[in-house]
Structures are given as structure tokens and as C-alpha cells.
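Structure file coords_19.csv; described as CSV, N, CA and C atoms.
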chain,number,residue,atom,x,y,z
A,28,MET,N,-122.6,45.6,-71.6
A,28,MET,CA,-123.5,45.8,-72.8
A,28,MET,C,-122.7,46.4,-73.9
A,29,ALA,N,-122.7,45.8,-75.1
A,29,ALA,CA,-122.0,46.4,-76.2
A,29,ALA,C,-123.0,47.1,-77.1
A,30,PHE,N,-122.8,48.4,-77.2
A,30,PHE,CA,-123.7,49.2,-78.0
A,30,PHE,C,-123.2,49.2,-79.5
A,31,THR,N,-123.9,48.4,-80.2
A,31,THR,CA,-123.6,48.3,-81.6
A,31,THR,C,-124.6,48.8,-82.6
A,32,GLU,N,-125.8,48.9,-82.1
A,32,GLU,CA,-126.9,49.3,-83.0
A,32,GLU,C,-127.0,50.9,-83.1
A,33,HIS,N,-127.5,51.3,-84.2
A,33,HIS,CA,-127.7,52.8,-84.5
A,33,HIS,C,-126.4,53.6,-84.6
A,34,LEU,N,-125.3,52.9,-84.9
A,34,LEU,CA,-124.1,53.6,-85.2
A,34,LEU,C,-124.0,53.8,-86.7
A,35,PHE,N,-123.3,54.9,-87.1
A,35,PHE,CA,-123.1,55.2,-88.5
A,35,PHE,C,-121.7,55.1,-88.9
A,36,ASP,N,-121.4,54.9,-90.2
A,36,ASP,CA,-120.1,54.9,-90.8
A,36,ASP,C,-119.5,56.3,-90.6
A,37,GLN,N,-118.3,56.3,-89.9
A,37,GLN,CA,-117.7,57.6,-89.6
A,37,GLN,C,-117.3,58.4,-90.9
A,38,GLU,N,-116.8,57.8,-91.9
A,38,GLU,CA,-116.5,58.5,-93.1
A,38,GLU,C,-117.7,59.1,-93.8
A,39,ASP,N,-118.8,58.4,-93.8
A,39,ASP,CA,-120.1,58.9,-94.3
A,39,ASP,C,-120.5,60.1,-93.5
A,40,ILE,N,-120.4,60.0,-92.2
A,40,ILE,CA,-120.9,61.1,-91.4
A,40,ILE,C,-120.0,62.3,-91.5
A,41,ALA,N,-118.7,62.1,-91.6
A,41,ALA,CA,-117.7,63.3,-91.8
A,41,ALA,C,-118.0,64.0,-93.1
A,42,ALA,N,-118.3,63.2,-94.2
A,42,ALA,CA,-118.6,63.8,-95.5
A,42,ALA,C,-120.0,64.6,-95.4
A,43,LEU,N,-120.9,64.0,-94.8
A,43,LEU,CA,-122.3,64.6,-94.7
A,43,LEU,C,-122.2,65.9,-93.8
A,44,ALA,N,-121.4,65.9,-92.8
A,44,ALA,CA,-121.2,67.1,-91.9
A,44,ALA,C,-120.6,68.2,-92.8
A,45,GLN,N,-119.6,67.9,-93.5
A,45,GLN,CA,-119.0,68.9,-94.4
A,45,GLN,C,-120.0,69.4,-95.4
A,46,GLN,N,-120.8,68.5,-96.0
A,46,GLN,CA,-121.8,68.9,-97.0
A,46,GLN,C,-122.8,69.8,-96.4
A,47,LYS,N,-123.3,69.5,-95.2
A,47,LYS,CA,-124.3,70.3,-94.5
A,47,LYS,C,-123.7,71.7,-94.1
A,48,ALA,N,-122.5,71.7,-93.7
A,48,ALA,CA,-121.9,73.0,-93.3
A,48,ALA,C,-121.7,73.9,-94.6
A,49,SER,N,-121.3,73.3,-95.7
A,49,SER,CA,-121.2,74.0,-96.9
A,49,SER,C,-122.5,74.5,-97.4
A,50,ALA,N,-123.5,73.7,-97.3
A,50,ALA,CA,-124.9,74.1,-97.8
A,50,ALA,C,-125.4,75.3,-96.9
A,51,LEU,N,-125.2,75.2,-95.6
A,51,LEU,CA,-125.6,76.3,-94.7
A,51,LEU,C,-124.9,77.6,-95.1
A,52,LYS,N,-123.6,77.5,-95.4
A,52,LYS,CA,-122.9,78.7,-95.7
A,52,LYS,C,-123.4,79.3,-97.1
A,53,GLU,N,-123.6,78.4,-98.0
A,53,GLU,CA,-124.0,78.9,-99.3
A,53,GLU,C,-125.5,79.4,-99.3
A,54,ASN,N,-126.4,78.7,-98.6
A,54,ASN,CA,-127.8,79.1,-98.7
A,54,ASN,C,-128.2,80.1,-97.7
A,55,ARG,N,-127.5,80.2,-96.5
A,55,ARG,CA,-127.9,81.1,-95.5
A,55,ARG,C,-126.9,82.1,-95.1
A,56,GLY,N,-125.6,81.8,-95.5
A,56,GLY,CA,-124.5,82.7,-95.2
A,56,GLY,C,-123.9,82.5,-93.8
A,57,PHE,N,-124.3,81.4,-93.1
A,57,PHE,CA,-123.8,81.1,-91.8
A,57,PHE,C,-122.7,80.1,-91.9
A,58,SER,N,-121.6,80.4,-91.2
A,58,SER,CA,-120.5,79.5,-91.2
A,58,SER,C,-120.4,78.6,-89.9
A,59,ASP,N,-121.2,78.8,-89.0
A,59,ASP,CA,-121.2,78.1,-87.7
A,59,ASP,C,-122.3,77.0,-87.8
A,60,PHE,N,-122.1,75.9,-88.5
A,60,PHE,CA,-123.1,74.9,-88.6
A,60,PHE,C,-123.5,74.3,-87.2
A,61,PRO,N,-122.6,74.0,-86.3
A,61,PRO,CA,-123.0,73.4,-85.0
A,61,PRO,C,-123.9,74.4,-84.3
A,62,GLY,N,-123.5,75.7,-84.2
A,62,GLY,CA,-124.2,76.7,-83.5
A,62,GLY,C,-125.6,76.9,-84.1
A,63,PHE,N,-125.7,76.9,-85.4
A,63,PHE,CA,-127.0,77.0,-86.0
A,63,PHE,C,-127.9,75.8,-85.7
A,64,ALA,N,-127.3,74.6,-85.9
A,64,ALA,CA,-128.1,73.4,-85.7
A,64,ALA,C,-128.6,73.3,-84.2
A,65,LEU,N,-127.7,73.6,-83.3
A,65,LEU,CA,-128.1,73.6,-81.9
A,65,LEU,C,-129.2,74.5,-81.6
A,66,GLY,N,-129.2,75.7,-82.2
A,66,GLY,CA,-130.3,76.6,-82.1
A,66,GLY,C,-131.6,76.0,-82.6
A,67,VAL,N,-131.6,75.3,-83.7
A,67,VAL,CA,-132.8,74.6,-84.2
A,67,VAL,C,-133.3,73.6,-83.2
A,68,ILE,N,-132.4,72.8,-82.7
A,68,ILE,CA,-132.7,71.8,-81.7
A,68,ILE,C,-133.3,72.4,-80.5
A,69,GLU,N,-132.7,73.4,-80.0
A,69,GLU,CA,-133.2,74.1,-78.8
A,69,GLU,C,-134.6,74.6,-79.0
A,70,ARG,N,-134.9,75.2,-80.1
A,70,ARG,CA,-136.2,75.7,-80.4
A,70,ARG,C,-137.2,74.5,-80.5
A,71,ARG,N,-136.9,73.4,-81.1
A,71,ARG,CA,-137.7,72.2,-81.1
A,71,ARG,C,-138.1,71.8,-79.7
A,72,LEU,N,-137.1,71.7,-78.8
A,72,LEU,CA,-137.3,71.3,-77.5
A,72,LEU,C,-138.1,72.3,-76.6
A,73,ALA,N,-138.0,73.6,-76.9
A,73,ALA,CA,-138.8,74.6,-76.2
A,73,ALA,C,-140.2,74.4,-76.5
A,74,LYS,N,-140.6,73.9,-77.7
A,74,LYS,CA,-142.0,73.7,-78.1
A,74,LYS,C,-142.5,72.5,-77.4
A,75,ASP,N,-141.7,71.4,-77.4
A,75,ASP,CA,-142.1,70.1,-76.8
A,75,ASP,C,-140.9,69.4,-76.2
A,76,PRO,N,-140.7,69.6,-74.9
A,76,PRO,CA,-139.5,69.0,-74.3
A,76,PRO,C,-139.3,67.5,-74.4
A,77,LEU,N,-140.5,66.8,-74.6
A,77,LEU,CA,-140.4,65.3,-74.7
A,77,LEU,C,-139.8,64.9,-76.1
A,78,ARG,N,-139.7,65.8,-77.0
A,78,ARG,CA,-139.1,65.5,-78.3
A,78,ARG,C,-137.6,65.2,-78.2
A,79,TYR,N,-137.0,65.3,-77.0
A,79,TYR,CA,-135.6,64.9,-76.8
A,79,TYR,C,-135.5,63.4,-77.2
A,80,ARG,N,-136.6,62.7,-77.0
A,80,ARG,CA,-136.6,61.3,-77.3
A,80,ARG,C,-136.4,61.0,-78.8
A,81,ASP,N,-136.7,62.0,-79.6
A,81,ASP,CA,-136.5,61.8,-81.1
A,81,ASP,C,-135.0,61.5,-81.4
A,82,TYR,N,-134.1,61.9,-80.5
A,82,TYR,CA,-132.7,61.7,-80.8
A,82,TYR,C,-132.1,60.4,-80.2
A,83,GLY,N,-133.0,59.6,-79.6
A,83,GLY,CA,-132.6,58.3,-79.1
A,83,GLY,C,-131.3,58.3,-78.3
A,84,PRO,N,-130.5,57.3,-78.6
A,84,PRO,CA,-129.2,57.2,-77.8
A,84,PRO,C,-128.3,58.4,-78.1
A,85,TYR,N,-128.5,59.2,-79.1
A,85,TYR,CA,-127.7,60.4,-79.4
A,85,TYR,C,-128.1,61.6,-78.5
A,86,TRP,N,-129.2,61.4,-77.8
A,86,TRP,CA,-129.7,62.5,-76.9
A,86,TRP,C,-128.6,63.0,-76.0
A,87,TRP,N,-127.9,62.1,-75.3
A,87,TRP,CA,-126.9,62.5,-74.3
A,87,TRP,C,-125.8,63.4,-74.9
A,88,ALA,N,-125.4,63.0,-76.1
A,88,ALA,CA,-124.3,63.8,-76.7
A,88,ALA,C,-124.8,65.1,-77.2
A,89,ILE,N,-126.1,65.2,-77.7
A,89,ILE,CA,-126.7,66.5,-78.1
A,89,ILE,C,-126.9,67.3,-76.8
A,90,LYS,N,-127.3,66.7,-75.7
A,90,LYS,CA,-127.5,67.5,-74.5
A,90,LYS,C,-126.2,68.1,-74.0
A,91,ALA,N,-125.1,67.3,-74.1
A,91,ALA,CA,-123.8,67.8,-73.7
A,91,ALA,C,-123.4,69.0,-74.6
A,92,LEU,N,-123.6,68.9,-75.9
A,92,LEU,CA,-123.3,70.0,-76.8
A,92,LEU,C,-124.1,71.3,-76.4
A,93,LEU,N,-125.4,71.1,-76.2
A,93,LEU,CA,-126.2,72.2,-75.8
A,93,LEU,C,-125.7,72.9,-74.5
A,94,ILE,N,-125.4,72.1,-73.5
A,94,ILE,CA,-124.8,72.6,-72.3
A,94,ILE,C,-123.5,73.3,-72.5
A,95,ASP,N,-122.6,72.7,-73.3
A,95,ASP,CA,-121.3,73.3,-73.6
A,95,ASP,C,-121.5,74.7,-74.3
A,96,ASN,N,-122.6,74.9,-75.0
A,96,ASN,CA,-122.9,76.1,-75.7
A,96,ASN,C,-123.9,77.0,-74.9
A,97,ASP,N,-123.8,76.9,-73.6
A,97,ASP,CA,-124.5,77.8,-72.7
A,97,ASP,C,-126.0,77.7,-72.8
A,98,ARG,N,-126.5,76.5,-73.1
A,98,ARG,CA,-128.0,76.3,-73.2
A,98,ARG,C,-128.3,75.4,-72.0
A,99,ALA,N,-129.1,75.9,-71.1
A,99,ALA,CA,-129.4,75.2,-69.9
A,99,ALA,C,-130.3,74.0,-70.2
A,100,MET,N,-129.8,72.8,-69.9
A,100,MET,CA,-130.6,71.6,-70.1
A,100,MET,C,-130.6,70.7,-68.9
A,101,GLY,N,-130.1,71.1,-67.8
A,101,GLY,CA,-130.0,70.3,-66.6
A,101,GLY,C,-128.7,69.5,-66.6
A,102,GLU,N,-128.5,68.7,-65.5
A,102,GLU,CA,-127.2,68.1,-65.3
A,102,GLU,C,-127.2,66.6,-65.5
A,103,ARG,N,-128.4,66.0,-65.7
A,103,ARG,CA,-128.4,64.5,-65.8
A,103,ARG,C,-127.7,64.1,-67.1
A,104,ASP,N,-127.1,62.9,-67.0
A,104,ASP,CA,-126.3,62.4,-68.1
A,104,ASP,C,-126.2,60.9,-68.1
A,105,ASP,N,-125.9,60.3,-69.2
A,105,ASP,CA,-125.6,58.8,-69.2
A,105,ASP,C,-124.2,58.8,-70.0
A,106,PRO,N,-123.1,58.9,-69.2
A,106,PRO,CA,-121.8,59.0,-69.9
A,106,PRO,C,-121.5,57.8,-70.8
A,107,LEU,N,-121.8,56.6,-70.4
A,107,LEU,CA,-121.5,55.5,-71.3
A,107,LEU,C,-122.2,55.6,-72.6
A,108,VAL,N,-123.5,55.9,-72.6
A,108,VAL,CA,-124.2,56.0,-73.9
A,108,VAL,C,-123.7,57.2,-74.6
A,109,ARG,N,-123.5,58.3,-73.9
A,109,ARG,CA,-123.0,59.6,-74.6
A,109,ARG,C,-121.7,59.3,-75.3
A,110,GLU,N,-120.8,58.7,-74.6
A,110,GLU,CA,-119.5,58.4,-75.3
A,110,GLU,C,-119.5,57.5,-76.5
A,111,THR,N,-120.5,56.6,-76.5
A,111,THR,CA,-120.6,55.7,-77.6
A,111,THR,C,-121.3,56.4,-78.8
A,112,TYR,N,-122.3,57.2,-78.5
A,112,TYR,CA,-123.1,57.8,-79.6
A,112,TYR,C,-122.7,59.3,-79.7
A,113,GLN,N,-121.5,59.6,-80.0
A,113,GLN,CA,-121.0,60.9,-80.4
A,113,GLN,C,-120.0,60.8,-81.5
A,114,GLY,N,-119.9,61.9,-82.2
A,114,GLY,CA,-118.9,61.9,-83.3
A,114,GLY,C,-117.6,62.5,-82.9
A,115,ALA,N,-116.7,62.6,-83.8
A,115,ALA,CA,-115.4,63.2,-83.6
A,115,ALA,C,-115.4,64.7,-83.4
A,116,SER,N,-116.5,65.3,-83.8
A,116,SER,CA,-116.7,66.7,-83.6
A,116,SER,C,-118.1,67.0,-83.3
A,117,ALA,N,-118.4,68.3,-82.9
A,117,ALA,CA,-119.8,68.7,-82.7
A,117,ALA,C,-120.6,68.5,-83.9
A,118,ALA,N,-120.1,68.9,-85.1
A,118,ALA,CA,-120.8,68.8,-86.4
A,118,ALA,C,-121.2,67.4,-86.6
A,119,GLU,N,-120.2,66.4,-86.4
A,119,GLU,CA,-120.5,65.0,-86.7
A,119,GLU,C,-121.5,64.5,-85.7
A,120,THR,N,-121.5,64.9,-84.5
A,120,THR,CA,-122.4,64.4,-83.5
A,120,THR,C,-123.8,64.9,-83.9
A,121,ILE,N,-124.0,66.1,-84.3
A,121,ILE,CA,-125.3,66.7,-84.7
A,121,ILE,C,-125.8,65.9,-85.9
A,122,VAL,N,-124.9,65.7,-86.9
A,122,VAL,CA,-125.4,65.0,-88.1
A,122,VAL,C,-125.8,63.6,-87.8
A,123,MET,N,-125.1,62.9,-86.9
A,123,MET,CA,-125.5,61.5,-86.5
A,123,MET,C,-126.9,61.5,-85.8
A,124,ALA,N,-127.0,62.5,-84.9
A,124,ALA,CA,-128.3,62.6,-84.2
A,124,ALA,C,-129.4,62.9,-85.1
A,125,ASP,N,-129.2,63.8,-86.1
A,125,ASP,CA,-130.2,64.1,-87.0
A,125,ASP,C,-130.6,63.0,-87.9
A,126,GLU,N,-129.6,62.2,-88.3
A,126,GLU,CA,-129.8,61.0,-89.1
A,126,GLU,C,-130.6,60.0,-88.3
A,127,PHE,N,-130.3,59.8,-87.1
A,127,PHE,CA,-131.1,58.9,-86.2
A,127,PHE,C,-132.5,59.4,-86.1
A,128,ARG,N,-132.7,60.7,-85.9
A,128,ARG,CA,-134.0,61.3,-85.7
A,128,ARG,C,-134.8,61.1,-87.0
A,129,THR,N,-134.3,61.3,-88.1
A,129,THR,CA,-135.0,61.1,-89.4
A,129,THR,C,-135.5,59.6,-89.5
A,130,ARG,N,-134.7,58.7,-89.2
A,130,ARG,CA,-135.1,57.3,-89.2
A,130,ARG,C,-136.1,57.0,-88.1
A,131,TYR,N,-135.9,57.5,-87.0
A,131,TYR,CA,-136.8,57.3,-85.9
A,131,TYR,C,-138.2,57.8,-86.2
A,132,LEU,N,-138.3,59.0,-86.8
A,132,LEU,CA,-139.6,59.6,-87.1
A,132,LEU,C,-140.3,58.8,-88.2
A,133,ALA,N,-139.5,58.2,-89.1
A,133,ALA,CA,-140.1,57.4,-90.2
A,133,ALA,C,-140.5,56.0,-89.7
A,134,THR,N,-140.0,55.5,-88.6
A,134,THR,CA,-140.3,54.1,-88.2
A,134,THR,C,-140.9,53.9,-86.9
A,135,GLN,N,-140.9,54.9,-86.0
A,135,GLN,CA,-141.4,54.8,-84.6
A,135,GLN,C,-142.5,55.8,-84.3
A,136,ALA,N,-143.3,55.4,-83.4
A,136,ALA,CA,-144.3,56.4,-82.9
A,136,ALA,C,-143.6,57.5,-82.1
A,137,VAL,N,-144.0,58.7,-82.3
A,137,VAL,CA,-143.4,59.8,-81.6
A,137,VAL,C,-143.6,59.6,-80.1
A,138,GLY,N,-142.5,59.8,-79.3
A,138,GLY,CA,-142.5,59.5,-77.9
A,138,GLY,C,-141.9,58.2,-77.5
A,139,THR,N,-141.6,57.4,-78.4
A,139,THR,CA,-141.0,56.1,-78.1
A,139,THR,C,-139.7,56.4,-77.4
A,140,ASN,N,-139.4,55.7,-76.3
A,140,ASN,CA,-138.2,55.9,-75.6
A,140,ASN,C,-137.5,54.6,-75.3
A,141,GLN,N,-137.8,53.6,-76.0
A,141,GLN,CA,-137.1,52.3,-75.7
A,141,GLN,C,-136.4,51.9,-77.0
A,142,PHE,N,-135.2,51.6,-76.9
A,142,PHE,CA,-134.3,51.3,-78.0
A,142,PHE,C,-133.5,50.1,-77.8
A,143,ILE,N,-133.2,49.3,-78.8
A,143,ILE,CA,-132.3,48.2,-78.7
A,143,ILE,C,-130.9,48.7,-79.1
A,144,LEU,N,-130.0,48.7,-78.2
A,144,LEU,CA,-128.7,49.2,-78.5
A,144,LEU,C,-127.7,48.1,-78.7
A,145,ASP,N,-128.0,46.9,-78.2
A,145,ASP,CA,-127.1,45.8,-78.3
A,145,ASP,C,-127.8,44.7,-79.2
A,146,GLY,N,-127.4,44.6,-80.4
A,146,GLY,CA,-128.0,43.6,-81.3
A,146,GLY,C,-127.8,42.1,-80.9
A,147,GLU,N,-126.8,41.8,-80.1
A,147,GLU,CA,-126.5,40.5,-79.7
A,147,GLU,C,-127.5,40.0,-78.6
A,148,THR,N,-127.7,40.9,-77.6
A,148,THR,CA,-128.6,40.5,-76.5
A,148,THR,C,-130.0,40.9,-76.7
A,149,GLY,N,-130.2,42.0,-77.5
A,149,GLY,CA,-131.6,42.5,-77.7
A,149,GLY,C,-132.1,43.2,-76.5
A,150,ALA,N,-131.2,43.5,-75.6
A,150,ALA,CA,-131.7,44.2,-74.4
A,150,ALA,C,-132.2,45.6,-74.7
A,151,THR,N,-133.2,46.0,-74.0
A,151,THR,CA,-133.9,47.3,-74.3
A,151,THR,C,-133.2,48.4,-73.4
A,152,TYR,N,-132.9,49.5,-74.0
A,152,TYR,CA,-132.4,50.6,-73.3
A,152,TYR,C,-133.6,51.6,-73.2
A,153,ILE,N,-133.8,52.1,-72.0
A,153,ILE,CA,-134.9,53.1,-71.9
A,153,ILE,C,-134.3,54.4,-71.7
A,154,LEU,N,-134.6,55.3,-72.6
A,154,LEU,CA,-134.1,56.7,-72.6
A,154,LEU,C,-135.0,57.5,-71.7
A,155,GLU,N,-134.5,58.0,-70.6
A,155,GLU,CA,-135.3,58.8,-69.7
A,155,GLU,C,-134.4,59.9,-69.1
A,156,ASP,N,-134.7,61.1,-69.5
A,156,ASP,CA,-133.9,62.3,-69.0
A,156,ASP,C,-134.9,63.0,-68.1
A,157,ALA,N,-134.7,62.9,-66.8
A,157,ALA,CA,-135.7,63.6,-65.8
A,157,ALA,C,-135.6,65.1,-66.0
A,158,ASP,N,-134.5,65.6,-66.4
A,158,ASP,CA,-134.4,67.1,-66.6
A,158,ASP,C,-135.4,67.5,-67.7
A,159,MET,N,-135.5,66.7,-68.7
A,159,MET,CA,-136.5,67.1,-69.8
A,159,MET,C,-137.9,66.7,-69.4
A,160,GLU,N,-138.1,65.6,-68.8
A,160,GLU,CA,-139.4,65.2,-68.4
A,160,GLU,C,-140.0,66.2,-67.4
A,161,GLU,N,-139.2,66.8,-66.5
A,161,GLU,CA,-139.7,67.8,-65.6
A,161,GLU,C,-140.1,69.1,-66.3
A,162,ARG,N,-139.6,69.4,-67.5
A,162,ARG,CA,-140.0,70.6,-68.2
A,162,ARG,C,-141.4,70.5,-68.7
A,163,VAL,N,-141.9,69.3,-68.9
A,163,VAL,CA,-143.3,69.1,-69.3
A,163,VAL,C,-144.3,69.6,-68.3
A,164,THR,N,-144.0,69.3,-67.0
A,164,THR,CA,-144.9,69.6,-65.9
A,164,THR,C,-144.7,71.0,-65.4
A,165,ALA,N,-143.6,71.6,-65.8
A,165,ALA,CA,-143.2,73.0,-65.3
A,165,ALA,C,-144.1,74.0,-65.9

Could you render the structure as C-alpha cells?
Amino acid sequence: MAFTEHLFDQEDIAALAQQKASALKENRGFSDFPGFALGVIERRLAKDPLRYRDYGPYWWAIKALLIDNDRAMGERDDPLVRETYQGASAAETIVMADEFRTRYLATQAVGTNQFILDGETGATYILEDADMEERVTA
């Protein structure tokens, strides 16, 4: 399966990541954009674990960043999707995931977990992270 859908232009993402980091420093005085953003994401997920779906195919890269930053999210992974939907840096990965989330919330019903990642075949990818699903029943 060739994952071609929901990818962003790398130059645009790099510029947007720099812009967001600068804005955070200027407006809030924080220079750790990835750390700040991951804290926001972690708080969103604490309120409703199923909102991991908001990040679509970028979820696995976001989850890896959360884990790498000592935030317990479980061990399940989809390496192939994670490797495709991640940026060159943590900041770029977060920006791409946030851009996807913005589009998702504007066009999809909350909770949707089916995405077309391959425009040629139209095959549906089902995003399901049992680690997060289990948090709902816990």
C-alpha cells in the first residue's frame, strides 16, 4: 500500500513549525514548542482518550513522541504508518498532526477512525489503538 494521502509539503511544514515556535516564545515566553504542544495533546487525551482519532494517520507518530517524552501511552504501534506520517523533527510532526486534526474536525464526524491513505486503491485504513480504547473503559 502506498500512503500518499494526507501528506503535507515539507517546506510549508518546516516554515509553519518555525512560525509556531516563534509565536509561542513571543506570546507565552516558552522556547520548547514540542514540549508545550505535547502537554496540550496529553491534556486533550486525558479528557477523552478516543480523541486520539482526531490525529488520524499522524496518531502513531504523536504517540511515539509522547512516549519519548515520558508520557505513558502504551506500547502498541503501527510502524509503517508512523514512519510515513512523521516529520523531520518533533516540531514538524506536531504541526502536521495538528494540521490534519484541523481539517479532520472541519470535515469529519468526531470519532471517525477510517481513512483513505492510498488514493490509487482507495483502500480504507482503520485507525485503532487498543491502548487508547482501553482507557475509555478504565

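Of the residues in segment 115-164 of chain A, those given strand (DSSP E) by DSSP on the backbone are Gln141, Phe142, Ile143, Thr151, Tyr152 and Ile153 of chain A.
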
Please compute the atom CA of Leu77 of chain A-atom C of Gly138 of chain A distance, one decimal, in Å.
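Separating atom CA of Leu77 of chain A from atom C of Gly138 of chain A is a distance of 7.8 Å.
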
With 7 Å as the cut-off and only C-alpha atoms counted, what is the closest atom pair between each nearby residue of segment 119-151 of chain A and segment 34-52 of chain A? Distances in Å to one decimal, ordered by chain and number, as a Markdown table.
| residue | atom | partner | partner_atom | distance |
| --- | --- | --- | --- | --- |
| A:Glu119 | CA | A:Ala44 | CA | 5.7 |
| A:Val122 | CA | A:Ala44 | CA | 6.0 |
| A:Met123 | CA | A:Ile40 | CA | 6.7 |

Find the residues around Val137 of chain A up to 8 Å (all atoms listed in the file counted), leave out those fewer than 5 positions away in its own chain, and share them as a list in words.
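Result of the neighbour search: Leu77, Arg78, Arg80, Asp81, Tyr131 and Leu132 of chain A.
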
Dig up all the protein and nucleic acid residues within 7 Å of (-125.5, 60.7, -77.6) in the file frame, using all atoms listed in the file, and format them as a PyMOL selection string.
chain A and resi 83-90+108-113

Just how far from atom CA of Ala133 of chain A is atom CA of Gly146 of chain A, in Å to one decimal?
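Answer for the atom CA of Gly146 of chain A to atom CA of Ala133 of chain A separation: 20.4 Å.
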
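If you measure from each of A:Ala117, A:Ala150, A:Leu107, A:Val67 to Leu92 of chain A using only C-alpha atoms, the closest one turns out to be A:Ala117.
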
Using Å and a single decimal, report how far atom N of Arg70 of chain A sits from atom N of Phe127 of chain A.
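Interatomic distance here is 17.5 Å.
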
Quick one: residues within 7 Å of Ile153 of chain A, all atoms listed in the file counted, chain neighbours fewer than 5 positions away excluded, as a PyMOL selection string?
chain A and resi 140-142

Where in chain A does DSSP assign helix (DSSP H, G or I), given as an NGL selection string?
:A and (37-55 or 60-74 or 76-95 or 106-111 or 117-134 or 157-164)

Polymer residues at most 6.5 Å from Glu32 of chain A, all atoms listed in the file, same-chain spacing of 2 or more positions, as a short mmCIF file (atom, residue, chain, number, x, y, z; two decimals) with N, CA and C atoms, in the coordinates of the input:
data_model
loop_
_atom_site.label_atom_id
_atom_site.label_comp_id
_atom_site.auth_asym_id
_atom_site.auth_seq_id
_atom_site.Cartn_x
_atom_site.Cartn_y
_atom_site.Cartn_z
N ALA A 29 -122.70 45.80 -75.10
CA ALA A 29 -122.00 46.40 -76.20
C ALA A 29 -123.00 47.10 -77.10
N PHE A 30 -122.80 48.40 -77.20
CA PHE A 30 -123.70 49.20 -78.00
C PHE A 30 -123.20 49.20 -79.50
N LEU A 34 -125.30 52.90 -84.90
CA LEU A 34 -124.10 53.60 -85.20
C LEU A 34 -124.00 53.80 -86.70
N ILE A 143 -133.20 49.30 -78.80
CA ILE A 143 -132.30 48.20 -78.70
C ILE A 143 -130.90 48.70 -79.10
N LEU A 144 -130.00 48.70 -78.20
CA LEU A 144 -128.70 49.20 -78.50
C LEU A 144 -127.70 48.10 -78.70
N ASP A 145 -128.00 46.90 -78.20
CA ASP A 145 -127.10 45.80 -78.30
C ASP A 145 -127.80 44.70 -79.20
N GLY A 146 -127.40 44.60 -80.40
CA GLY A 146 -128.00 43.60 -81.30
C GLY A 146 -127.80 42.10 -80.90
#
